[in-house]
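Here is the file final10.csv (CSV, C-alpha atoms).
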chain,number,residue,atom,x,y,z
K,1,MET,CA,0.0,0.0,0.0
K,2,PRO,CA,1.5,3.4,-0.9
K,3,ARG,CA,2.4,5.6,1.9
K,4,ASN,CA,-0.5,7.8,2.9
K,5,TRP,CA,0.9,9.8,5.7
K,6,ALA,CA,3.3,12.6,6.4
K,7,SER,CA,5.4,13.1,9.6
K,8,PHE,CA,5.7,16.0,11.9
K,9,PRO,CA,7.2,16.4,15.4
K,10,SER,CA,5.3,14.6,18.2
K,11,PHE,CA,2.7,16.8,20.0
K,12,SER,CA,3.7,19.8,17.9
K,13,LEU,CA,2.1,21.8,15.1
K,14,PRO,CA,1.6,19.5,12.1
K,15,VAL,CA,4.2,21.1,9.8
K,16,ILE,CA,4.8,18.5,7.1
K,17,ALA,CA,6.8,18.2,4.0
K,18,VAL,CA,4.9,18.5,0.7
K,19,GLN,CA,6.2,18.2,-2.8
K,20,ILE,CA,5.4,20.5,-5.7
K,21,GLY,CA,7.2,19.3,-8.8
K,22,ASN,CA,10.9,18.9,-7.9
K,23,ARG,CA,10.5,21.1,-4.9
K,24,THR,CA,9.8,20.1,-1.3
K,25,VAL,CA,8.6,22.7,1.1
K,26,ARG,CA,7.3,22.9,4.6
K,27,ALA,CA,3.5,23.3,5.0
K,28,LEU,CA,1.2,23.7,8.0
K,29,ALA,CA,-1.8,21.4,7.9
K,30,ASP,CA,-4.4,23.8,9.4
K,31,THR,CA,-7.9,22.4,9.8
K,32,GLY,CA,-8.8,25.7,11.4
K,33,ALA,CA,-8.3,27.5,8.1
K,34,ALA,CA,-11.0,27.5,5.5
K,35,GLN,CA,-8.6,28.9,2.9
K,36,SER,CA,-5.1,27.7,2.1
K,37,LEU,CA,-2.4,30.3,2.0
K,38,ILE,CA,0.9,30.5,0.1
K,39,ASP,CA,3.9,32.7,0.6
K,40,PRO,CA,4.7,35.1,-2.3
K,41,GLN,CA,8.2,33.9,-2.4
K,42,LEU,CA,7.0,30.4,-3.3
K,43,VAL,CA,4.6,31.8,-5.8
K,44,ARG,CA,7.4,33.5,-7.6
K,45,GLN,CA,9.6,30.4,-7.4
K,46,LEU,CA,6.9,28.3,-8.9
K,47,GLY,CA,6.0,30.9,-11.6
K,48,PHE,CA,2.3,30.9,-10.8
K,49,THR,CA,-0.1,33.5,-12.1
K,50,THR,CA,-2.8,34.9,-9.9
K,51,ALA,CA,-6.5,34.6,-10.7
K,52,GLY,CA,-9.0,36.4,-8.5
K,53,THR,CA,-9.1,37.6,-5.0
K,54,GLN,CA,-10.5,36.5,-1.7
K,55,LEU,CA,-11.2,38.1,1.7
K,56,ILE,CA,-9.7,36.3,4.6
K,57,VAL,CA,-9.8,37.0,8.3
K,58,GLY,CA,-8.1,35.5,11.3
K,59,LEU,CA,-8.8,35.7,15.0
K,60,GLY,CA,-8.1,39.3,16.1
K,61,THR,CA,-7.4,40.5,12.6
K,62,THR,CA,-9.3,42.7,10.2
K,63,PRO,CA,-10.4,41.2,6.9
K,64,LEU,CA,-7.6,41.1,4.3
K,65,LEU,CA,-8.0,40.9,0.6
K,66,VAL,CA,-5.5,38.5,-1.0
K,67,ARG,CA,-4.8,37.4,-4.5
K,68,LEU,CA,-5.4,33.8,-5.4
K,69,VAL,CA,-3.4,31.1,-7.2
K,70,THR,CA,-4.4,27.6,-8.1
K,71,LEU,CA,-2.2,24.7,-6.9
K,72,ASP,CA,-2.7,21.5,-8.8
K,73,SER,CA,0.4,19.4,-8.3
K,74,VAL,CA,0.9,19.2,-4.6
K,75,MET,CA,1.8,15.8,-3.1
K,76,VAL,CA,1.7,14.7,0.5
K,77,GLY,CA,3.7,11.5,0.7
K,78,ARG,CA,2.3,9.6,-2.3
K,79,CYS,CA,-1.1,11.3,-2.0
K,80,PRO,CA,-1.8,13.9,-4.7
K,81,LEU,CA,-4.0,16.8,-3.4
K,82,HIS,CA,-6.7,17.8,-5.8
K,83,SER,CA,-6.5,21.2,-7.3
K,84,PHE,CA,-7.1,24.0,-4.8
K,85,MET,CA,-6.9,27.7,-4.4
K,86,ALA,CA,-4.5,29.5,-2.1
K,87,GLY,CA,-4.4,33.1,-1.0
K,88,ILE,CA,-1.1,34.8,-1.3
K,89,THR,CA,0.1,36.3,1.9
K,90,ASP,CA,3.5,36.8,3.5
K,91,LEU,CA,3.8,33.9,6.1
K,92,TRP,CA,6.9,35.5,7.6
K,93,ARG,CA,7.3,39.2,7.6
K,94,ASP,CA,3.6,40.2,7.8
K,95,CYS,CA,3.5,38.4,11.1
K,96,VAL,CA,6.1,40.6,12.7
K,97,GLY,CA,4.5,43.1,15.1
K,98,ALA,CA,5.2,45.0,18.2
K,99,GLY,CA,2.8,43.4,20.7
K,100,PRO,CA,2.9,43.8,24.4
K,101,LEU,CA,5.8,41.3,24.6
K,102,GLY,CA,7.7,43.0,21.8
K,103,PRO,CA,8.1,42.0,18.2
K,104,SER,CA,7.1,38.5,17.3
K,105,HIS,CA,6.2,36.3,14.4
K,106,LEU,CA,5.2,32.8,13.6
K,107,ARG,CA,8.8,31.5,13.1
K,108,LEU,CA,7.5,28.3,11.7
K,109,GLY,CA,9.5,28.4,8.5
K,110,ILE,CA,6.5,27.5,6.4
K,111,GLN,CA,5.7,28.6,2.9
K,112,LEU,CA,2.3,27.0,2.7
K,113,VAL,CA,-0.8,26.6,4.9
K,114,LEU,CA,-3.0,23.8,3.8
K,115,GLY,CA,-6.5,24.7,4.8
K,116,ILE,CA,-9.5,22.5,4.6
K,117,ASN,CA,-10.0,23.4,0.9
K,118,ALA,CA,-6.7,21.5,0.2
K,119,PHE,CA,-8.0,18.2,1.4
K,120,ARG,CA,-11.1,17.6,-0.6
K,121,ARG,CA,-11.8,13.9,-1.1
K,122,TYR,CA,-9.6,12.9,1.8
K,123,ARG,CA,-10.3,12.1,5.4
K,124,LEU,CA,-7.6,13.3,7.8
K,125,GLN,CA,-6.4,11.5,10.8
K,126,PHE,CA,-3.9,13.1,13.1
K,127,ASP,CA,-1.8,10.9,15.4
K,128,LEU,CA,-0.2,13.6,17.6
K,129,ALA,CA,1.7,11.1,19.7
K,130,GLU,CA,3.4,9.5,16.7
K,131,GLY,CA,3.5,12.7,14.7
K,132,ARG,CA,1.7,11.5,11.7
K,133,LEU,CA,-1.0,13.0,9.5
K,134,TYR,CA,-2.8,10.3,7.6
K,135,LEU,CA,-4.7,11.0,4.4
K,136,LEU,CA,-7.5,8.5,4.0
K,137,VAL,CA,-9.6,8.1,0.9
V,1,MET,CA,21.1,36.8,-5.4
V,2,SER,CA,21.9,39.2,-2.7
V,3,GLY,CA,24.7,38.8,-0.2
V,4,ASP,CA,22.9,37.1,2.7
V,5,ALA,CA,22.9,33.7,1.3
V,6,GLN,CA,25.8,31.4,2.0
V,7,HIS,CA,25.9,28.5,-0.4
V,8,SER,CA,28.1,25.7,-1.3
V,9,SER,CA,28.4,24.8,-4.9
V,10,GLN,CA,26.9,21.5,-6.0
V,11,SER,CA,30.4,19.9,-5.7
V,12,GLU,CA,31.4,21.5,-2.5
V,13,GLY,CA,28.3,20.2,-0.7
V,14,PRO,CA,28.9,16.5,-1.2
V,15,LEU,CA,32.6,16.9,-0.7
V,16,HIS,CA,32.7,18.8,2.5
V,17,GLN,CA,29.4,17.9,4.2
V,18,GLY,CA,27.8,14.6,3.2
V,19,ALA,CA,24.2,13.8,3.2
V,20,GLN,CA,22.5,14.0,6.6
V,21,PRO,CA,19.0,13.5,7.9
V,22,ILE,CA,16.8,16.5,7.4
V,23,HIS,CA,16.4,17.0,11.2
V,24,VAL,CA,20.1,17.1,11.7
V,25,TRP,CA,20.4,20.0,9.2
V,26,GLU,CA,17.6,21.8,11.0
V,27,ALA,CA,19.4,21.4,14.3
V,28,GLN,CA,22.7,22.5,12.8
V,29,TYR,CA,21.3,25.8,11.3
V,30,PRO,CA,18.8,27.3,13.9
V,31,ASP,CA,16.6,30.1,12.7
V,32,THR,CA,17.9,29.8,9.2
V,33,TRP,CA,16.5,28.8,5.8
V,34,ILE,CA,18.2,25.7,4.5
V,35,LEU,CA,18.2,24.5,0.9
V,36,LEU,CA,18.9,20.8,0.5
V,37,GLU,CA,19.2,18.4,-2.3
V,38,ILE,CA,17.2,15.4,-1.4
V,39,THR,CA,19.3,12.2,-1.5
V,40,GLU,CA,17.0,9.8,0.2
V,41,GLU,CA,13.2,9.7,0.5
V,42,ASP,CA,10.6,7.3,1.6
V,43,GLU,CA,7.6,7.4,-0.7
V,44,GLY,CA,7.6,11.2,-0.9
V,45,GLU,CA,8.8,11.8,2.6
V,46,PRO,CA,12.3,13.4,2.5
V,47,ILE,CA,14.7,11.6,4.8
V,48,SER,CA,18.2,12.9,4.0
V,49,GLY,CA,19.9,15.6,2.0
V,50,LEU,CA,23.0,17.4,0.9
V,51,LEU,CA,23.4,21.1,1.9
V,52,LEU,CA,23.1,23.5,-1.1
V,53,ALA,CA,22.7,26.8,0.6
V,54,THR,CA,21.6,28.6,3.7
V,55,ALA,CA,20.2,32.1,4.3
V,56,THR,CA,18.5,34.2,6.9
V,57,ASN,CA,16.2,35.7,4.3
V,58,VAL,CA,14.4,33.2,2.1
V,59,GLY,CA,14.4,35.6,-0.8
V,60,ASP,CA,18.2,35.2,-1.0
V,61,LEU,CA,17.7,31.6,-2.0
V,62,GLN,CA,15.4,32.1,-4.9
V,63,ASP,CA,18.0,32.2,-7.7
V,64,ILE,CA,19.9,29.2,-6.5
V,65,TRP,CA,16.7,27.3,-5.8
V,66,ARG,CA,15.5,27.9,-9.3
V,67,ALA,CA,18.8,27.0,-10.8
V,68,TYR,CA,18.8,23.6,-9.1
V,69,ASN,CA,15.2,23.0,-10.1
V,70,ASP,CA,16.0,23.8,-13.7
V,71,LYS,CA,18.7,21.1,-13.6
V,72,GLY,CA,16.0,18.6,-12.4
V,73,VAL,CA,17.5,18.3,-8.9
V,74,LEU,CA,15.0,17.3,-6.2
V,75,THR,CA,15.3,20.0,-3.6
V,76,MET,CA,13.8,20.8,-0.2
V,77,LEU,CA,13.6,24.2,1.4
V,78,THR,CA,13.3,23.8,5.2
V,79,TYR,CA,14.0,25.9,8.3
V,80,GLY,CA,16.2,25.5,11.2
V,81,CYS,CA,14.9,24.8,14.7
V,82,PRO,CA,14.2,27.9,16.8
V,83,SER,CA,17.2,28.9,19.0
V,84,GLU,CA,15.0,30.3,21.7
V,85,PRO,CA,11.4,29.9,22.9
V,86,HIS,CA,8.8,32.0,21.1
V,87,PRO,CA,5.1,32.6,21.6
V,88,LYS,CA,2.7,29.7,21.0
V,89,VAL,CA,0.9,29.9,17.6
V,90,VAL,CA,-2.8,29.5,18.1
V,91,ILE,CA,-4.0,30.5,14.7
V,92,CYS,CA,-2.3,30.9,11.4
V,93,ALA,CA,-3.8,33.6,9.3
V,94,THR,CA,-3.1,37.3,8.9
Using structure tokens, write down the structure from this file.
Amino acid sequence: MPRNWASFPSFSLPVIAVQIGNRTVRALADTGAAQSLIDPQLVRQLGFTTAGTQLIVGLGTTPLLVRLVTLDSVMVGRCPLHSFMAGITDLWRDCVGAGPLGPSHLRLGIQLVLGINAFRRYRLQFDLAEGRLYLLV
Amino acid sequence: MSGDAQHSSQSEGPLHQGAQPIHVWEAQYPDTWILLEITEEDEGEPISGLLLATATNVGDLQDIWRAYNDKGVLTMLTYGCPSEPHPKVVICAT
């Protein structure tokens, strides 16, 4: 049976390796996000063209209008994700802010957030103890 | 490519630093973007790689990353472990 899971550190955020063509990048599997997000640096690297816009909002943030790209060749392990849209937003610098504890940012080293729209046709199973995200058909 | 990236050429990498597990590279270069050539994978899961380049700004790796891709090299862009504790992430959207 082909491998249908990706690994991440035990009891940590599910930051997994995903493959797009010849490139492997780190992505956060985020079931709390309706919309997938992609870093503009990765968009440039992949040579994607944008198509359309989408309003997104997070906890404690104001709505933000982002441009969209279509990702259609993303693999998690041996599981191909079906074509999905991702909003372009800086997953690094935009998160820097002077909060009450000083400047901070996500510091996750991710270039992609896989929201629930990326996992159509799959059932997800998280094993936090083993650090595995299973994609089940 | 701007000056922040430190990269080893394709020949220097294998000669001076052999392939290592991905997590070893991530521990060796904290808070740093790391570009690797994947040398071992398990059904799509990268296991080991050779160091191609590192940079504190991911933008500084764009040119070399594209160059290796154009040569058909399977690459991985990853990020080194945090060197100090940082706030817990509770939501990931801007």
Any idea which chain K residues end up within 6 Å of chain V if we count only C-alpha atoms, as an mmCIF file with C-alpha atoms, keeping the file's coordinate frame please?
data_model
loop_
_atom_site.group_PDB
_atom_site.id
_atom_site.type_symbol
_atom_site.label_atom_id
_atom_site.label_comp_id
_atom_site.auth_asym_id
_atom_site.auth_seq_id
_atom_site.Cartn_x
_atom_site.Cartn_y
_atom_site.Cartn_z
ATOM 1 C CA ASN K 22 10.900 18.900 -7.900
ATOM 2 C CA ARG K 23 10.500 21.100 -4.900
ATOM 3 C CA THR K 24 9.800 20.100 -1.300
ATOM 4 C CA VAL K 25 8.600 22.700 1.100
ATOM 5 C CA GLY K 58 -8.100 35.500 11.300
ATOM 6 C CA GLY K 77 3.700 11.500 0.700
ATOM 7 C CA ARG K 78 2.300 9.600 -2.300
ATOM 8 C CA GLY K 109 9.500 28.400 8.500
#
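For the pair atom CA of K:Gly32 and atom CA of K:Asp90, the interatomic distance is 18.4 Å.
Residues in contact with stretch 122-137 of chain K at 8 Å, where all atoms listed in the file are counted and same-chain residues fewer than 3 positions away are skipped, are listed as K:Asn4, K:Trp5, K:Ala6, K:Ser7, K:Phe8, K:Pro9, K:Ser10, K:Phe11, K:Ser12, K:Pro14, K:Cys79, K:Phe119.
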Out of V:Thr56, V:Ala67, V:Pro85, V:Ile47, which residue has the shortest atom-to-atom distance to V:Trp25 when counting only C-alpha atoms?
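Going through V:Thr56, V:Ala67, V:Pro85, V:Ile47 one by one, the smallest distance to V:Trp25 is for V:Ile47.
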